[in-house]
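Data block below; observations after.
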Amino acid sequence: MSDSIKYLLDESKIPKFWYNIAADLPVPLPPALHPGTQQPLGPDDLAPLFPLSLIQQEVSTEREIEIPEPVREIYRQWRPAPLFRARRLERVLDTPAKIYYKYEGVSPAGSHKPNTAVPQAFYNKEAGIKKLTTETGAGQWGSSLAFAGALFGIDVQVFMVRVSYDQKPYRRALMETYGARCIASPSNETQSGRTILAQRADHPGSLGIAISEAVELAAQRDDTKYALGSVLNHVLLHQTVVGIEAMQQMEMAGDYPDVIVACTGGGSNFGGIVFPFLGAQLRGGKKVRIVAIEPSACPSLTRGKYAYDFGDTAHLTPLTKMHTLGSTFTPPGFHAGGLRYHGMAPLVSHIKELGLIEARAYHQIACFEAGVQFARAEGILPAPEANHAVRGAIDEALKCKQEGVSRTILFNLCGHGHFDMQAYIDYFGGKLKDLDYDESELAMALAGLPSMRAA
Ligand SMILES: *Cc1c(COP(=O)(O)O)cnc(C)c1O
C-alpha cells in the first residue's frame, strides 16, 4: 500500500447534530460584555446584528444542536468530506508517524467556510432578512457567504480587506459571479471607513476595520443583518461537522489521533476539527495533544494578551475575552490573508488558558516550503493558510522520526490554494519575505485595550 488512502463516509453519515463544546467545559466561558455597561450581554444587545436562532446558539450550553434538514441537504453536495491517509508524504518524510488529513477544499468555495455560511444564510432567511453584510480577508469567507446567499436569495455585501482586494482579483470575481457586491475596505461607504481613510488614505485595511464597516451598515437597517465567518461560538459550532465526520473516518481507518494540528486565524477550522475530539477527552475519553499553528506576523495566541477586547477597530462590537493583539493592530500584508485577525475565538482562547491546547507560530516561507512538499507528494495544493497546518503536521512527523516513535497525526487541510497562485509565484520567484509585525505598534495596540471596571 503506497498510495494515499481515502476514507469516505456514506451520505447518510452526514452529522444530524453539531457538537457544542460549552456543554463539556470544566470552567464556563467568560461572558461577552456590553461595551458601555460592561455587563454580560443579553439577547437584545445582539438582535440588531443576528437572528434570534443564531443568538440562542451563541449562548447555548446544550451538547447537541440539531442541523436543520435543508442545511443537511446542501451539505450533501460536498459532505461528508474525505479523510486521507498521506502515505506518500509519510514516505517522502521517511517518518514512522501516520499522517491523516481531513480535506475541506471539496466545498464549492474551496474551504471549510461554507459549513457555517450555509446555516447562517438559512437562519437569516427564516427570520425574513433580505440582505447580509460581512467582511472578508483573503476572500474565502466572502465567496462562501456569496455562495450561500445565492442559494437562499439573500443579497450579500462584502467588505474585502484592501491588500487582499488588490492581491486576489479572482476571489472578488467569484463573489460577483455568485451575485454579491464586493467593496475594498477601508471604503468611503461607512463612517468607520471614512475615519480611517482620513488618517491614512493608502491604508492596507484589516479584518478589524472591515468588520466595523459591515457591522455599521447592518445595525442601520431592519432587513439587514451581519454575518461573521469565524471567531463566534455559533460559527465554531457549525464547523464541528468537520471533526464529527473525522472521528467516524478515523474509526473506519482503525486509528485514533495522538496529535491534532490545525491553523488558526479566528479559530473556526481549528475548533471544527478539534472540539469533537476534545469533548470526548473531557468526558473521560482518550487524551489528544492539540496544536494550533498561527503566523509569526499575526501571533495572537502566542504573543497576544488574554483580555477583554473589541472585535473590530471602530469599537462597535461587544467585548469578548480572548487572546488579542489589540483591536487597532494592523498586521503586515503577508500571504495568508485569512490569518490576519487581531483576536482569537473566545472558545479557543479559553481552552488555551485552561492548558488543553498548545500554540506555535511559524513564518510564511517555512509554511510555503511545507505546502509545496505536500503538493508534490499528495497532489493537492493547499491554501496559504492551510500551509501553516501542513508545516505543523510535517514538523510533528519529523519529531517522530527523530525520536524513533510512531504517532498518529491528524491535521485539517482547510482549503485549496487555486485562487492563491500569485502567492506561490512569489514564493518560487524568491519574492516572499518573512515579515515581522512592528513591536512598537503591538505595544501601542495593547496599551489601548479597553480598561475594565472591577466586577
Ligand atoms: C478563513 C480561513 C482560515 C482562517 O480562519 P479560521 O476561522 O481560523 O479557520 C484558514 N484557512 C482557510 C482556508 C480559510 O478560508
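Lettering and numbering for the C-alpha cells are positional, with chains as A, B, ... in the shown order, residues counted from 1 in each chain, and ligands counted from 1 in the shown order.
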- Task: Identify, on the basis of only C-alpha atoms, every residue whose closest approach to Glu441 in chain A does not exceed 10 Å; exclude the query and any residue fewer than 3 positions from it along the same chain; express the result as a ChimeraX atom specification.
- Result: /A:325-326,328-331,437-438,444-447
Closest contacts (chain A/ligand 1, max 7 Å, only C-alpha atoms and all ligand atoms) as a tab-separated table:
residue	atom	partner	partner_atom_place_in_ligand_line	distance
A:Ser111	CA	ligand 1	13 (C)	5.0
A:His112	CA	ligand 1	15 (O)	6.6
A:Lys113	CA	ligand 1	15 (O)	6.1
A:Gln140	CA	ligand 1	15 (O)	4.5
A:Trp141	CA	ligand 1	1 (C)	5.9
A:Gly229	CA	ligand 1	7 (O)	6.7
A:Ser230	CA	ligand 1	7 (O)	4.3
A:Val231	CA	ligand 1	7 (O)	6.2
A:Cys263	CA	ligand 1	8 (O)	6.2
A:Thr264	CA	ligand 1	8 (O)	3.9
A:Gly265	CA	ligand 1	8 (O)	3.4
A:Gly266	CA	ligand 1	8 (O)	3.9
A:Gly267	CA	ligand 1	8 (O)	3.7
A:Ser268	CA	ligand 1	7 (O)	3.5
A:Asn269	CA	ligand 1	9 (O)	3.7
A:Phe270	CA	ligand 1	9 (O)	6.0
A:Gly338	CA	ligand 1	1 (C)	4.5
A:Leu339	CA	ligand 1	4 (C)	5.2
A:Ala383	CA	ligand 1	13 (C)	5.6
A:Glu385	CA	ligand 1	11 (N)	4.6
A:Ala386	CA	ligand 1	11 (N)	5.3
A:Cys414	CA	ligand 1	13 (C)	4.7
A:Gly415	CA	ligand 1	13 (C)	4.0
A:His416	CA	ligand 1	13 (C)	6.8
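Computed from the coordinates, the CA of Asp309 in chain A to CA of Val163 in chain A distance equals 24.3 Å.
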- Message: I need the residues of range 151-400 of chain A that end up classed as strand (DSSP E) by DSSP on the backbone, written out as a count of residues only.
- Response: 44
- Task: Identify which of the residues A:Asn124, A:Gln422, A:Thr37, A:Ser187 lies closest to Ser53 in chain A, counting only C-alpha atoms when measuring atom-to-atom distances.
- Result: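 Of all the options, A:Asn124 lies closest to Ser53 in chain A.
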Residues of range 226-331 of chain A that have any atom at most 12 Å from an atom of range 65-87 of chain A: could you tabulate them with the shortest-distance atom pair and the distance in Å to one decimal, using only C-alpha atoms, ordered by chain and increasing number, as CSV?
residue,atom,partner,partner_atom,distance
A:His234,CA,A:Ile65,CA,10.4
A:Leu237,CA,A:Ile65,CA,8.7
A:His238,CA,A:Ile67,CA,8.6
A:Gln239,CA,A:Ile67,CA,11.5
A:Thr240,CA,A:Ile65,CA,10.8
A:Val241,CA,A:Pro80,CA,8.6
A:Val242,CA,A:Ala81,CA,7.8
A:Gly243,CA,A:Ala81,CA,10.6
A:Ile244,CA,A:Pro80,CA,9.9
A:Glu245,CA,A:Pro80,CA,6.7
A:Ala246,CA,A:Leu83,CA,6.8
A:Met247,CA,A:Leu83,CA,10.0
A:Gln248,CA,A:Leu83,CA,9.9
A:Gln249,CA,A:Leu83,CA,6.6
A:Met250,CA,A:Leu83,CA,8.1
A:Glu251,CA,A:Leu83,CA,11.2
A:Met252,CA,A:Leu83,CA,10.1
A:Ala253,CA,A:Arg85,CA,8.7
A:Gly254,CA,A:Arg85,CA,11.7
A:Asp255,CA,A:Arg85,CA,10.7
A:Pro257,CA,A:Arg85,CA,11.9
A:Ile273,CA,A:Leu83,CA,11.7
Grab the residues selected above and save them as a PDB file, in the first residue's frame with N, CA, C and O atoms.
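Ended up saving to again_5.pdb:
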ATOM      1  N   HIS A 234     -21.149  30.384  17.633  1.00  0.00           N
ATOM      2  CA  HIS A 234     -22.034  29.650  16.717  1.00  0.00           C
ATOM      3  C   HIS A 234     -21.315  29.257  15.426  1.00  0.00           C
ATOM      4  O   HIS A 234     -21.666  28.260  14.802  1.00  0.00           O
ATOM      5  N   LEU A 237     -19.355  26.221  16.337  1.00  0.00           N
ATOM      6  CA  LEU A 237     -20.339  25.137  16.464  1.00  0.00           C
ATOM      7  C   LEU A 237     -20.633  24.505  15.100  1.00  0.00           C
ATOM      8  O   LEU A 237     -20.568  23.279  14.930  1.00  0.00           O
ATOM      9  N   HIS A 238     -20.931  25.352  14.095  1.00  0.00           N
ATOM     10  CA  HIS A 238     -21.268  24.822  12.767  1.00  0.00           C
ATOM     11  C   HIS A 238     -20.098  24.037  12.169  1.00  0.00           C
ATOM     12  O   HIS A 238     -20.295  23.063  11.446  1.00  0.00           O
ATOM     13  N   GLN A 239     -18.882  24.480  12.482  1.00  0.00           N
ATOM     14  CA  GLN A 239     -17.715  23.815  11.891  1.00  0.00           C
ATOM     15  C   GLN A 239     -17.444  22.439  12.496  1.00  0.00           C
ATOM     16  O   GLN A 239     -16.627  21.674  11.966  1.00  0.00           O
ATOM     17  N   THR A 240     -18.138  22.089  13.600  1.00  0.00           N
ATOM     18  CA  THR A 240     -17.861  20.778  14.200  1.00  0.00           C
ATOM     19  C   THR A 240     -18.293  19.607  13.327  1.00  0.00           C
ATOM     20  O   THR A 240     -17.920  18.473  13.613  1.00  0.00           O
ATOM     21  N   VAL A 241     -19.016  19.870  12.224  1.00  0.00           N
ATOM     22  CA  VAL A 241     -19.282  18.764  11.279  1.00  0.00           C
ATOM     23  C   VAL A 241     -17.958  18.151  10.821  1.00  0.00           C
ATOM     24  O   VAL A 241     -17.885  16.952  10.549  1.00  0.00           O
ATOM     25  N   VAL A 242     -16.919  18.983  10.754  1.00  0.00           N
ATOM     26  CA  VAL A 242     -15.610  18.509  10.283  1.00  0.00           C
ATOM     27  C   VAL A 242     -15.058  17.443  11.234  1.00  0.00           C
ATOM     28  O   VAL A 242     -14.688  16.335  10.826  1.00  0.00           O
ATOM     29  N   GLY A 243     -15.025  17.774  12.520  1.00  0.00           N
ATOM     30  CA  GLY A 243     -14.462  16.849  13.499  1.00  0.00           C
ATOM     31  C   GLY A 243     -15.330  15.623  13.739  1.00  0.00           C
ATOM     32  O   GLY A 243     -14.819  14.529  13.962  1.00  0.00           O
ATOM     33  N   ILE A 244     -16.657  15.815  13.690  1.00  0.00           N
ATOM     34  CA  ILE A 244     -17.558  14.673  13.905  1.00  0.00           C
ATOM     35  C   ILE A 244     -17.356  13.647  12.792  1.00  0.00           C
ATOM     36  O   ILE A 244     -17.221  12.445  13.044  1.00  0.00           O
ATOM     37  N   GLU A 245     -17.291  14.133  11.547  1.00  0.00           N
ATOM     38  CA  GLU A 245     -17.005  13.206  10.443  1.00  0.00           C
ATOM     39  C   GLU A 245     -15.626  12.574  10.590  1.00  0.00           C
ATOM     40  O   GLU A 245     -15.459  11.366  10.364  1.00  0.00           O
ATOM     41  N   ALA A 246     -14.637  13.390  10.962  1.00  0.00           N
ATOM     42  CA  ALA A 246     -13.265  12.872  11.084  1.00  0.00           C
ATOM     43  C   ALA A 246     -13.192  11.755  12.127  1.00  0.00           C
ATOM     44  O   ALA A 246     -12.461  10.779  11.952  1.00  0.00           O
ATOM     45  N   MET A 247     -13.969  11.882  13.209  1.00  0.00           N
ATOM     46  CA  MET A 247     -13.972  10.828  14.234  1.00  0.00           C
ATOM     47  C   MET A 247     -14.478   9.511  13.642  1.00  0.00           C
ATOM     48  O   MET A 247     -13.901   8.451  13.877  1.00  0.00           O
ATOM     49  N   GLN A 248     -15.561   9.611  12.850  1.00  0.00           N
ATOM     50  CA  GLN A 248     -16.103   8.394  12.232  1.00  0.00           C
ATOM     51  C   GLN A 248     -15.092   7.808  11.239  1.00  0.00           C
ATOM     52  O   GLN A 248     -14.940   6.593  11.116  1.00  0.00           O
ATOM     53  N   GLN A 249     -14.402   8.693  10.511  1.00  0.00           N
ATOM     54  CA  GLN A 249     -13.459   8.221   9.497  1.00  0.00           C
ATOM     55  C   GLN A 249     -12.197   7.626  10.128  1.00  0.00           C
ATOM     56  O   GLN A 249     -11.653   6.650   9.615  1.00  0.00           O
ATOM     57  N   MET A 250     -11.744   8.203  11.239  1.00  0.00           N
ATOM     58  CA  MET A 250     -10.590   7.619  11.935  1.00  0.00           C
ATOM     59  C   MET A 250     -10.957   6.224  12.441  1.00  0.00           C
ATOM     60  O   MET A 250     -10.132   5.318  12.443  1.00  0.00           O
ATOM     61  N   GLU A 251     -12.214   6.085  12.837  1.00  0.00           N
ATOM     62  CA  GLU A 251     -12.667   4.770  13.283  1.00  0.00           C
ATOM     63  C   GLU A 251     -12.649   3.773  12.116  1.00  0.00           C
ATOM     64  O   GLU A 251     -12.225   2.632  12.280  1.00  0.00           O
ATOM     65  N   MET A 252     -13.089   4.234  10.916  1.00  0.00           N
ATOM     66  CA  MET A 252     -13.000   3.375   9.720  1.00  0.00           C
ATOM     67  C   MET A 252     -11.560   2.943   9.464  1.00  0.00           C
ATOM     68  O   MET A 252     -11.300   1.828   9.007  1.00  0.00           O
ATOM     69  N   ALA A 253     -10.625   3.869   9.728  1.00  0.00           N
ATOM     70  CA  ALA A 253      -9.215   3.584   9.497  1.00  0.00           C
ATOM     71  C   ALA A 253      -8.635   2.717  10.619  1.00  0.00           C
ATOM     72  O   ALA A 253      -7.498   2.268  10.533  1.00  0.00           O
ATOM     73  N   GLY A 254      -9.425   2.488  11.667  1.00  0.00           N
ATOM     74  CA  GLY A 254      -8.964   1.688  12.801  1.00  0.00           C
ATOM     75  C   GLY A 254      -7.901   2.412  13.609  1.00  0.00           C
ATOM     76  O   GLY A 254      -6.976   1.796  14.135  1.00  0.00           O
ATOM     77  N   ASP A 255      -8.012   3.724  13.678  1.00  0.00           N
ATOM     78  CA  ASP A 255      -6.971   4.529  14.296  1.00  0.00           C
ATOM     79  C   ASP A 255      -7.596   5.633  15.152  1.00  0.00           C
ATOM     80  O   ASP A 255      -8.809   5.865  15.070  1.00  0.00           O
ATOM     81  N   PRO A 257      -6.274   9.730  16.654  1.00  0.00           N
ATOM     82  CA  PRO A 257      -5.124  10.645  16.650  1.00  0.00           C
ATOM     83  C   PRO A 257      -4.464  10.784  18.027  1.00  0.00           C
ATOM     84  O   PRO A 257      -5.148  10.860  19.043  1.00  0.00           O
ATOM     85  N   ILE A 273     -12.391  20.953  13.770  1.00  0.00           N
ATOM     86  CA  ILE A 273     -11.821  19.593  13.780  1.00  0.00           C
ATOM     87  C   ILE A 273     -11.500  19.140  15.201  1.00  0.00           C
ATOM     88  O   ILE A 273     -11.609  17.959  15.526  1.00  0.00           O
TER      89      ILE A 273
END
- Go through A:Arg376, A:Arg340, A:Lys305, A:Arg391 one by one, measure the shortest atom-to-atom distance of each to Val291 in chain A using only C-alpha atoms, and give the residue with the smallest value.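 Of A:Arg376, A:Arg340, A:Lys305, A:Arg391, the one nearest Val291 in chain A, counting only C-alpha atoms, is A:Arg391.
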- Task: Any chance you could list, as a PyMOL selection string, the residues in range 180-407 of chain A that come up alpha helix (DSSP H) when DSSP is run on the backbone?
- Result: chain A and resi 191-199+207-220+233-252+268-282+300-303+346-353+364-378+384-403
- Message: Neighbouring residues of Leu381 in chain A were defined as those with any atom within 8 Å, considering only C-alpha atoms; residues of the same chain fewer than 6 positions away were excluded. Please report them as a list in words.
- Response: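 That gives Gly371, Val372, Phe374, Ala375, His416, Gly417 and His418 of chain A.
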- Message: Would you pick out the contacts of Glu64 in chain A at 7 Å or less, using only C-alpha atoms, so that residues sharing its chain but fewer than 4 positions from it are not included, and give the list as a list of chain:residue names?
- Response: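 Returned residues: A:Phe17, A:Trp18, A:Tyr19, A:Asn20.
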- Contacts of Leu29 in chain A within 12 Å, only C-alpha atoms, excl. fewer than 5 positions in-chain, as a count of residues only: 23
- Task: Please provide the set of residues having any atom within 7 Å of range 175-185 of chain A, restricted to only C-alpha atoms, with same-chain residues fewer than 5 positions apart removed, written as a PyMOL selection string.
- Result: chain A and resi 142-143+146-147+150+155-162+165+193+205+210
- Task: For Leu413 in chain A, please output as a list in words all residues within 8 Å (counting only C-alpha atoms; exclusion window: fewer than 4 positions along the same chain).
- Result: Tyr101, Lys102, Tyr103, Glu104, Gly105, Ala262, Pro382, Ala386, Ala389 and Val390 of chain A
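Counting from CA of Pro108 in chain A, the distance to CA of Tyr170 in chain A is 14.6 Å.
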- Item | Counting only C-alpha atoms, the residue of A:Asp258, A:Glu213, A:Ile293, A:Ser4 that sits nearest Val405 in chain A |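 Among the listed residues, A:Asp258 lies closest to Val405 in chain A.
Separating CA of Leu89 in chain A from CA of Ala377 in chain A is a distance of 5.2 Å.
You can rank A:Gln373, A:Thr134, A:Ser327, A:Ser144 by their closest distance to Ala214 in chain A using only C-alpha atoms, and at the top of that list sits A:Thr134.
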